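Enquirer: My file is final_6.cif. It has mmCIF, N, CA, C and O atoms:
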data_work
#
loop_
_atom_site.label_atom_id
_atom_site.label_comp_id
_atom_site.auth_asym_id
_atom_site.auth_seq_id
_atom_site.Cartn_x
_atom_site.Cartn_y
_atom_site.Cartn_z
N MET A 1 12.07 -7.58 33.88
CA MET A 1 13.05 -6.51 33.93
C MET A 1 12.39 -5.17 33.63
O MET A 1 12.78 -4.17 34.22
N ASP A 2 11.42 -5.16 32.72
CA ASP A 2 10.74 -3.89 32.40
C ASP A 2 10.05 -3.31 33.63
O ASP A 2 10.14 -2.12 33.90
N LYS A 3 9.38 -4.17 34.39
CA LYS A 3 8.70 -3.70 35.60
C LYS A 3 9.71 -3.21 36.64
O LYS A 3 9.49 -2.21 37.31
N ALA A 4 10.82 -3.90 36.76
CA ALA A 4 11.85 -3.51 37.72
C ALA A 4 12.45 -2.16 37.33
O ALA A 4 12.64 -1.29 38.19
N ARG A 5 12.74 -1.99 36.07
CA ARG A 5 13.30 -0.70 35.61
C ARG A 5 12.30 0.44 35.82
O ARG A 5 12.68 1.53 36.23
N ALA A 6 11.02 0.17 35.54
CA ALA A 6 10.00 1.19 35.76
C ALA A 6 9.90 1.55 37.24
O ALA A 6 9.77 2.72 37.60
N LEU A 7 9.98 0.56 38.10
CA LEU A 7 9.94 0.81 39.54
C LEU A 7 11.13 1.65 39.98
O LEU A 7 10.97 2.61 40.74
N LEU A 8 12.32 1.32 39.50
CA LEU A 8 13.51 2.10 39.87
C LEU A 8 13.42 3.53 39.35
O LEU A 8 13.81 4.48 40.04
N ARG A 9 12.89 3.72 38.14
CA ARG A 9 12.71 5.07 37.59
C ARG A 9 11.75 5.86 38.47
O ARG A 9 12.01 7.00 38.84
N TRP A 10 10.62 5.23 38.83
CA TRP A 10 9.63 5.88 39.69
C TRP A 10 10.25 6.26 41.03
O TRP A 10 10.04 7.36 41.53
N LYS A 11 11.03 5.34 41.60
CA LYS A 11 11.69 5.60 42.89
C LYS A 11 12.60 6.82 42.78
O LYS A 11 12.57 7.72 43.62
N ASP A 12 13.42 6.88 41.74
CA ASP A 12 14.35 7.98 41.55
C ASP A 12 13.63 9.30 41.28
O ASP A 12 14.00 10.35 41.80
N GLU A 13 12.59 9.25 40.47
CA GLU A 13 11.85 10.46 40.10
C GLU A 13 11.06 11.04 41.27
O GLU A 13 10.90 12.25 41.37
N THR A 14 10.58 10.19 42.16
CA THR A 14 9.75 10.66 43.27
C THR A 14 10.53 10.85 44.56
O THR A 14 10.00 11.37 45.54
N GLY A 15 11.79 10.41 44.56
CA GLY A 15 12.60 10.53 45.78
C GLY A 15 12.20 9.54 46.86
O GLY A 15 12.54 9.72 48.02
N ARG A 16 11.47 8.51 46.48
CA ARG A 16 11.05 7.49 47.47
C ARG A 16 12.25 6.68 47.92
O ARG A 16 13.20 6.50 47.18
N ARG A 17 12.16 6.22 49.16
CA ARG A 17 13.21 5.35 49.71
C ARG A 17 12.67 3.94 49.77
O ARG A 17 11.62 3.69 50.35
N MET A 18 13.39 3.02 49.15
CA MET A 18 13.00 1.61 49.19
C MET A 18 14.19 0.77 48.79
O MET A 18 15.12 1.25 48.14
N ALA A 19 14.15 -0.47 49.20
CA ALA A 19 15.19 -1.43 48.82
C ALA A 19 14.63 -2.32 47.72
O ALA A 19 13.51 -2.82 47.82
N VAL A 20 15.40 -2.48 46.67
CA VAL A 20 15.02 -3.35 45.56
C VAL A 20 16.15 -4.33 45.33
O VAL A 20 17.31 -3.92 45.23
N ASP A 21 15.83 -5.60 45.28
CA ASP A 21 16.85 -6.63 45.08
C ASP A 21 16.33 -7.65 44.10
O ASP A 21 15.25 -8.21 44.30
N PHE A 22 17.06 -7.89 43.03
CA PHE A 22 16.61 -8.78 41.97
C PHE A 22 17.21 -10.17 42.06
O PHE A 22 17.17 -10.92 41.10
N ARG A 23 17.81 -10.54 43.17
CA ARG A 23 18.51 -11.82 43.26
C ARG A 23 17.92 -12.71 44.35
O ARG A 23 18.58 -13.04 45.31
N PRO A 24 16.68 -13.16 44.20
CA PRO A 24 16.09 -13.98 45.27
C PRO A 24 16.78 -15.32 45.45
O PRO A 24 16.57 -15.99 46.44
N HIS A 25 17.64 -15.69 44.53
CA HIS A 25 18.34 -16.97 44.62
C HIS A 25 19.66 -16.85 45.38
O HIS A 25 20.26 -17.84 45.73
N SER A 26 20.14 -15.64 45.63
CA SER A 26 21.48 -15.47 46.19
C SER A 26 21.47 -15.54 47.72
O SER A 26 20.46 -15.29 48.37
N HIS A 27 22.62 -15.86 48.29
CA HIS A 27 22.76 -15.87 49.74
C HIS A 27 22.56 -14.47 50.30
O HIS A 27 21.99 -14.31 51.38
N HIS A 28 23.02 -13.45 49.58
CA HIS A 28 22.84 -12.07 50.03
C HIS A 28 21.36 -11.76 50.20
O HIS A 28 20.93 -11.21 51.21
N TRP A 29 20.56 -12.11 49.22
CA TRP A 29 19.13 -11.84 49.29
C TRP A 29 18.51 -12.61 50.46
O TRP A 29 17.69 -12.07 51.19
N GLN A 30 18.91 -13.86 50.62
CA GLN A 30 18.35 -14.68 51.69
C GLN A 30 18.65 -14.08 53.07
O GLN A 30 17.76 -13.99 53.93
N ILE A 31 19.88 -13.66 53.28
CA ILE A 31 20.24 -13.12 54.59
C ILE A 31 19.63 -11.73 54.81
O ILE A 31 19.18 -11.41 55.91
N MET A 32 19.55 -10.93 53.75
CA MET A 32 18.95 -9.60 53.91
C MET A 32 17.45 -9.70 54.18
O MET A 32 16.89 -8.85 54.86
N ARG A 33 16.78 -10.73 53.67
CA ARG A 33 15.36 -10.94 53.97
C ARG A 33 15.21 -11.13 55.49
O ARG A 33 14.32 -10.56 56.11
N GLU A 34 16.10 -11.91 56.10
CA GLU A 34 16.05 -12.11 57.55
C GLU A 34 16.39 -10.82 58.30
O GLU A 34 15.75 -10.49 59.28
N VAL A 35 17.42 -10.11 57.84
CA VAL A 35 17.83 -8.87 58.50
C VAL A 35 16.68 -7.86 58.50
O VAL A 35 16.38 -7.24 59.53
N ARG A 36 16.02 -7.69 57.36
CA ARG A 36 14.93 -6.72 57.27
C ARG A 36 13.74 -7.11 58.13
O ARG A 36 13.01 -6.24 58.62
N ALA A 37 13.52 -8.40 58.33
CA ALA A 37 12.39 -8.87 59.14
C ALA A 37 12.70 -8.90 60.63
O ALA A 37 11.79 -9.02 61.45
N SER A 38 13.97 -8.79 60.99
CA SER A 38 14.40 -8.93 62.37
C SER A 38 14.26 -7.63 63.16
O SER A 38 14.57 -6.56 62.65
N GLN A 39 13.84 -7.73 64.40
CA GLN A 39 13.77 -6.55 65.27
C GLN A 39 15.15 -6.05 65.65
O GLN A 39 15.30 -4.89 66.03
N VAL A 40 16.17 -6.91 65.55
CA VAL A 40 17.53 -6.51 65.92
C VAL A 40 18.44 -6.37 64.69
O VAL A 40 19.65 -6.25 64.82
N ALA A 41 17.85 -6.36 63.49
CA ALA A 41 18.58 -6.17 62.23
C ALA A 41 19.72 -7.18 62.06
O ALA A 41 20.85 -6.83 61.76
N ALA A 42 19.41 -8.45 62.27
CA ALA A 42 20.41 -9.51 62.12
C ALA A 42 19.74 -10.74 61.52
O ALA A 42 18.54 -10.95 61.67
N GLY A 43 20.55 -11.54 60.85
CA GLY A 43 20.05 -12.78 60.27
C GLY A 43 21.21 -13.71 59.99
O GLY A 43 22.37 -13.33 60.12
N SER A 44 20.89 -14.93 59.58
CA SER A 44 21.95 -15.88 59.27
C SER A 44 21.53 -16.73 58.07
O SER A 44 20.35 -16.83 57.74
N VAL A 45 22.53 -17.35 57.44
CA VAL A 45 22.29 -18.19 56.28
C VAL A 45 23.31 -19.33 56.29
O VAL A 45 24.42 -19.17 56.79
N GLU A 46 22.90 -20.49 55.78
CA GLU A 46 23.80 -21.63 55.66
C GLU A 46 24.65 -21.48 54.40
O GLU A 46 24.12 -21.24 53.32
N LEU A 47 25.96 -21.58 54.54
CA LEU A 47 26.90 -21.57 53.42
C LEU A 47 27.76 -22.81 53.56
O LEU A 47 28.67 -22.85 54.38
N GLY A 48 27.46 -23.83 52.78
CA GLY A 48 28.18 -25.10 52.93
C GLY A 48 27.93 -25.67 54.30
O GLY A 48 26.78 -25.84 54.71
N ASP A 49 28.99 -25.95 55.04
CA ASP A 49 28.87 -26.50 56.39
C ASP A 49 28.82 -25.44 57.47
O ASP A 49 28.82 -25.77 58.66
N ALA A 50 28.80 -24.17 57.08
CA ALA A 50 28.84 -23.08 58.07
C ALA A 50 27.54 -22.30 58.09
O ALA A 50 26.83 -22.21 57.09
N ARG A 51 27.23 -21.73 59.23
CA ARG A 51 26.14 -20.77 59.35
C ARG A 51 26.79 -19.40 59.51
O ARG A 51 27.61 -19.20 60.41
N VAL A 52 26.44 -18.46 58.62
CA VAL A 52 27.04 -17.13 58.60
C VAL A 52 26.05 -16.12 59.16
O VAL A 52 24.88 -16.11 58.78
N LEU A 53 26.54 -15.26 60.05
CA LEU A 53 25.73 -14.22 60.67
C LEU A 53 25.95 -12.90 59.95
O LEU A 53 27.07 -12.55 59.61
N CYS A 54 24.87 -12.17 59.75
CA CYS A 54 24.94 -10.80 59.23
C CYS A 54 24.22 -9.91 60.23
O CYS A 54 23.08 -10.18 60.59
N ALA A 55 24.88 -8.88 60.70
CA ALA A 55 24.28 -7.94 61.64
C ALA A 55 24.52 -6.52 61.14
O ALA A 55 25.65 -6.17 60.82
N MET A 56 23.47 -5.75 61.05
CA MET A 56 23.60 -4.37 60.60
C MET A 56 24.02 -3.51 61.80
O MET A 56 23.52 -3.70 62.91
N THR A 57 24.94 -2.60 61.56
CA THR A 57 25.41 -1.71 62.61
C THR A 57 25.49 -0.30 62.07
O THR A 57 25.40 -0.08 60.87
N THR A 58 25.69 0.65 62.94
CA THR A 58 25.91 2.03 62.50
C THR A 58 27.37 2.26 62.13
O THR A 58 27.74 3.36 61.74
N TRP A 59 28.21 1.23 62.21
CA TRP A 59 29.62 1.33 61.90
C TRP A 59 29.90 1.24 60.41
O TRP A 59 31.00 1.50 59.97
N GLY A 60 28.94 0.80 59.61
CA GLY A 60 29.16 0.66 58.18
C GLY A 60 29.91 -0.62 57.85
O GLY A 60 30.06 -1.50 58.69
N ASP A 61 30.35 -0.73 56.61
CA ASP A 61 31.09 -1.91 56.18
C ASP A 61 32.49 -1.90 56.75
O ASP A 61 33.08 -0.84 56.95
N GLY A 62 33.04 -3.06 56.97
CA GLY A 62 34.40 -3.11 57.47
C GLY A 62 34.77 -4.49 57.96
O GLY A 62 34.01 -5.44 57.85
N TYR A 63 35.96 -4.58 58.51
CA TYR A 63 36.48 -5.82 59.08
C TYR A 63 36.40 -5.69 60.59
O TYR A 63 36.99 -4.77 61.16
N PHE A 64 35.67 -6.57 61.23
CA PHE A 64 35.50 -6.52 62.67
C PHE A 64 35.87 -7.88 63.24
O PHE A 64 35.19 -8.87 62.97
N PRO A 65 36.94 -7.94 64.04
CA PRO A 65 37.38 -9.22 64.60
C PRO A 65 36.30 -9.86 65.48
O PRO A 65 35.61 -9.18 66.22
N VAL A 66 36.17 -11.17 65.35
CA VAL A 66 35.22 -11.95 66.15
C VAL A 66 36.03 -12.87 67.05
O VAL A 66 36.93 -13.57 66.58
N ILE A 67 35.73 -12.85 68.33
CA ILE A 67 36.48 -13.63 69.32
C ILE A 67 35.54 -14.62 69.98
O ILE A 67 34.44 -14.25 70.42
N ALA A 68 35.94 -15.88 70.04
CA ALA A 68 35.16 -16.91 70.73
C ALA A 68 35.79 -17.15 72.10
O ALA A 68 36.98 -17.45 72.19
N ASP A 69 35.01 -17.00 73.15
CA ASP A 69 35.46 -17.32 74.51
C ASP A 69 35.06 -18.76 74.80
O ASP A 69 33.88 -19.12 74.68
N LEU A 70 36.05 -19.59 75.16
CA LEU A 70 35.81 -21.01 75.39
C LEU A 70 36.05 -21.37 76.85
O LEU A 70 36.87 -20.76 77.53
N ASP A 71 35.34 -22.41 77.32
CA ASP A 71 35.58 -22.89 78.67
C ASP A 71 36.78 -23.85 78.65
O ASP A 71 37.38 -24.09 77.60
N SER A 72 37.12 -24.42 79.79
CA SER A 72 38.32 -25.26 79.90
C SER A 72 38.23 -26.53 79.05
O SER A 72 39.25 -27.11 78.68
N SER A 73 37.02 -26.96 78.70
CA SER A 73 36.89 -28.16 77.85
C SER A 73 36.69 -27.81 76.37
O SER A 73 36.46 -28.69 75.55
N GLY A 74 36.79 -26.52 76.04
CA GLY A 74 36.66 -26.10 74.65
C GLY A 74 35.25 -25.75 74.22
O GLY A 74 35.01 -25.47 73.05
N GLY A 75 34.30 -25.76 75.15
CA GLY A 75 32.92 -25.40 74.83
C GLY A 75 32.76 -23.89 74.70
O GLY A 75 33.44 -23.12 75.38
N LEU A 76 31.89 -23.48 73.84
CA LEU A 76 31.67 -22.06 73.59
C LEU A 76 30.94 -21.40 74.76
O LEU A 76 29.89 -21.87 75.18
N LEU A 77 31.54 -20.33 75.29
CA LEU A 77 30.91 -19.55 76.35
C LEU A 77 30.25 -18.29 75.81
O LEU A 77 29.15 -17.93 76.20
N ALA A 78 30.96 -17.60 74.91
CA ALA A 78 30.45 -16.34 74.37
C ALA A 78 31.16 -16.02 73.07
O ALA A 78 32.26 -16.52 72.81
N VAL A 79 30.52 -15.21 72.27
CA VAL A 79 31.10 -14.69 71.03
C VAL A 79 31.11 -13.18 71.14
O VAL A 79 30.08 -12.56 71.45
N ARG A 80 32.27 -12.57 70.93
CA ARG A 80 32.40 -11.11 71.01
C ARG A 80 32.85 -10.57 69.66
O ARG A 80 33.63 -11.20 68.97
N VAL A 81 32.34 -9.40 69.30
CA VAL A 81 32.76 -8.71 68.09
C VAL A 81 33.37 -7.39 68.52
O VAL A 81 32.78 -6.64 69.30
N ARG A 82 34.58 -7.11 68.02
CA ARG A 82 35.28 -5.88 68.41
C ARG A 82 35.07 -4.82 67.32
O ARG A 82 35.50 -4.97 66.20
N PHE A 83 34.41 -3.73 67.70
CA PHE A 83 34.21 -2.60 66.81
C PHE A 83 35.18 -1.50 67.22
O PHE A 83 35.16 -1.06 68.36
N SER A 84 36.03 -1.09 66.32
CA SER A 84 36.95 0.00 66.61
C SER A 84 37.30 0.71 65.32
O SER A 84 37.31 0.11 64.25
N ARG A 85 37.58 1.96 65.42
CA ARG A 85 37.97 2.76 64.27
C ARG A 85 39.42 2.47 63.91
O ARG A 85 40.25 2.23 64.78
N ALA A 86 39.71 2.48 62.63
CA ALA A 86 41.10 2.28 62.20
C ALA A 86 41.95 3.46 62.65
O ALA A 86 41.48 4.59 62.68
N PRO A 87 43.21 3.19 63.03
CA PRO A 87 44.06 4.29 63.51
C PRO A 87 44.39 5.28 62.42
O PRO A 87 44.34 5.05 61.29
#
Could I get this file's structure written as structure tokens?
Expert:
Amino acid sequence: MDKARALLRWKDETGRRMAVDFRPHSHHWQIMREVRASQVAAGSVELGDARVLCAMTTWGDGYFPVIADLDSSGGLLAVRVRFSRAP
């Protein structure tokens, strides 16, 4: 913790830009590691029986509906995310 606090102080004092995360055990840290390494700023992580996608956008945080397009037998054709400004 002493080293982390010293690093954060140095960052603030010098105006450096960097990301610091102290939770390597968390799902957030795991998915952000993938996002930062990705050329398209996206990653995924297993949560129980589900795989969760995280994608960085210029839209910021928010609720964005996800729509699955299925074929006549119920197979997945496409996944769409709707980005729109609140009225």
Enquirer: I'd like the interatomic distance between CA of Gly48 in chain A and CA of His27 in chain A, to a tenth of an Å.
Expert: 11.2 Å
Enquirer: Mind listing the strand (DSSP E or B) residues of chain A, per DSSP on the backbone, as a list in words?
Expert: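 For chain A, the strand (DSSP E or B) set is Ala42, Gly43, Ser44, Val45, Glu46, Leu47, Ala50, Arg51, Val52, Leu53, Cys54, Ala55, Val66, Ile67, Ala68, Asp69, Leu70, Leu76, Leu77, Ala78, Val79, Arg80 and Val81 of chain A.
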Enquirer: Residues at most 7 Å from range 59-64 of chain A, counting all atoms listed in the file, excluding those fewer than 4 positions away in the same chain, as a ChimeraX atom specification?
Expert: /A:55,80-84
Enquirer: Find the residues near Asp69 in chain A: any atom within 6 Å, counting all atoms listed in the file, skip ones fewer than 2 places away on the same chain, and give them as a list of chain:residue names.
Expert: A:Ile67, A:Asp71, A:Gly75, A:Leu76, A:Leu77, A:Ala78, A:Val79, A:Arg80
Enquirer: State, in Å with one decimal place, the distance from CA of Ser38 in chain A to CA of Cys54 in chain A.
Expert: 11.2 Å
Enquirer: Can you put all heavy atoms back into range 53-64 of chain A and show it as a short mmCIF file (atom, residue, chain, number, x, y, z; two decimals), in the coordinates of the input?
Expert:
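New file selection35.cif:
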data_model
loop_
_atom_site.label_atom_id
_atom_site.label_comp_id
_atom_site.auth_asym_id
_atom_site.auth_seq_id
_atom_site.Cartn_x
_atom_site.Cartn_y
_atom_site.Cartn_z
N LEU A 53 26.54 -15.26 60.05
CA LEU A 53 25.73 -14.22 60.67
C LEU A 53 25.95 -12.90 59.95
O LEU A 53 27.07 -12.55 59.61
CB LEU A 53 26.13 -14.06 62.14
CG LEU A 53 25.55 -12.84 62.86
CD1 LEU A 53 24.06 -13.01 63.10
CD2 LEU A 53 26.28 -12.61 64.16
N CYS A 54 24.87 -12.17 59.75
CA CYS A 54 24.94 -10.80 59.23
C CYS A 54 24.22 -9.91 60.23
O CYS A 54 23.08 -10.18 60.59
CB CYS A 54 24.28 -10.70 57.87
SG CYS A 54 24.22 -9.02 57.21
N ALA A 55 24.88 -8.88 60.70
CA ALA A 55 24.28 -7.94 61.64
C ALA A 55 24.52 -6.52 61.14
O ALA A 55 25.65 -6.17 60.82
CB ALA A 55 24.88 -8.12 63.03
N MET A 56 23.47 -5.75 61.05
CA MET A 56 23.60 -4.37 60.60
C MET A 56 24.02 -3.51 61.80
O MET A 56 23.52 -3.70 62.91
CB MET A 56 22.27 -3.87 60.04
CG MET A 56 21.73 -4.72 58.91
SD MET A 56 22.85 -4.86 57.51
CE MET A 56 22.55 -3.30 56.73
N THR A 57 24.94 -2.60 61.56
CA THR A 57 25.41 -1.71 62.61
C THR A 57 25.49 -0.30 62.07
O THR A 57 25.40 -0.08 60.87
CB THR A 57 26.82 -2.10 63.11
OG1 THR A 57 27.76 -1.75 62.10
CG2 THR A 57 26.92 -3.58 63.44
N THR A 58 25.69 0.65 62.94
CA THR A 58 25.91 2.03 62.50
C THR A 58 27.37 2.26 62.13
O THR A 58 27.74 3.36 61.74
CB THR A 58 25.52 3.02 63.62
OG1 THR A 58 26.28 2.71 64.79
CG2 THR A 58 24.03 2.92 63.93
N TRP A 59 28.21 1.23 62.21
CA TRP A 59 29.62 1.33 61.90
C TRP A 59 29.90 1.24 60.41
O TRP A 59 31.00 1.50 59.97
CB TRP A 59 30.40 0.23 62.62
CG TRP A 59 30.51 0.49 64.08
CD1 TRP A 59 29.57 0.24 65.04
CD2 TRP A 59 31.61 1.08 64.75
NE1 TRP A 59 30.02 0.64 66.25
CE2 TRP A 59 31.28 1.16 66.12
CE3 TRP A 59 32.85 1.56 64.34
CZ2 TRP A 59 32.14 1.69 67.06
CZ3 TRP A 59 33.70 2.07 65.29
CH2 TRP A 59 33.35 2.14 66.62
N GLY A 60 28.94 0.80 59.61
CA GLY A 60 29.16 0.66 58.18
C GLY A 60 29.91 -0.62 57.85
O GLY A 60 30.06 -1.50 58.69
N ASP A 61 30.35 -0.73 56.61
CA ASP A 61 31.09 -1.91 56.18
C ASP A 61 32.49 -1.90 56.75
O ASP A 61 33.08 -0.84 56.95
CB ASP A 61 31.18 -1.97 54.66
CG ASP A 61 29.82 -2.17 54.01
OD1 ASP A 61 28.92 -2.68 54.69
OD2 ASP A 61 29.67 -1.81 52.84
N GLY A 62 33.04 -3.06 56.97
CA GLY A 62 34.40 -3.11 57.47
C GLY A 62 34.77 -4.49 57.96
O GLY A 62 34.01 -5.44 57.85
N TYR A 63 35.96 -4.58 58.51
CA TYR A 63 36.48 -5.82 59.08
C TYR A 63 36.40 -5.69 60.59
O TYR A 63 36.99 -4.77 61.16
CB TYR A 63 37.92 -6.02 58.63
CG TYR A 63 38.62 -7.13 59.37
CD1 TYR A 63 38.35 -8.45 59.09
CD2 TYR A 63 39.53 -6.83 60.38
CE1 TYR A 63 38.99 -9.47 59.79
CE2 TYR A 63 40.17 -7.83 61.08
CZ TYR A 63 39.89 -9.14 60.78
OH TYR A 63 40.51 -10.14 61.47
N PHE A 64 35.67 -6.57 61.23
CA PHE A 64 35.50 -6.52 62.67
C PHE A 64 35.87 -7.88 63.24
O PHE A 64 35.19 -8.87 62.97
CB PHE A 64 34.06 -6.15 63.02
CG PHE A 64 33.60 -4.88 62.36
CD1 PHE A 64 32.67 -4.91 61.34
CD2 PHE A 64 34.13 -3.66 62.74
CE1 PHE A 64 32.25 -3.76 60.73
CE2 PHE A 64 33.71 -2.49 62.13
CZ PHE A 64 32.78 -2.54 61.12
#
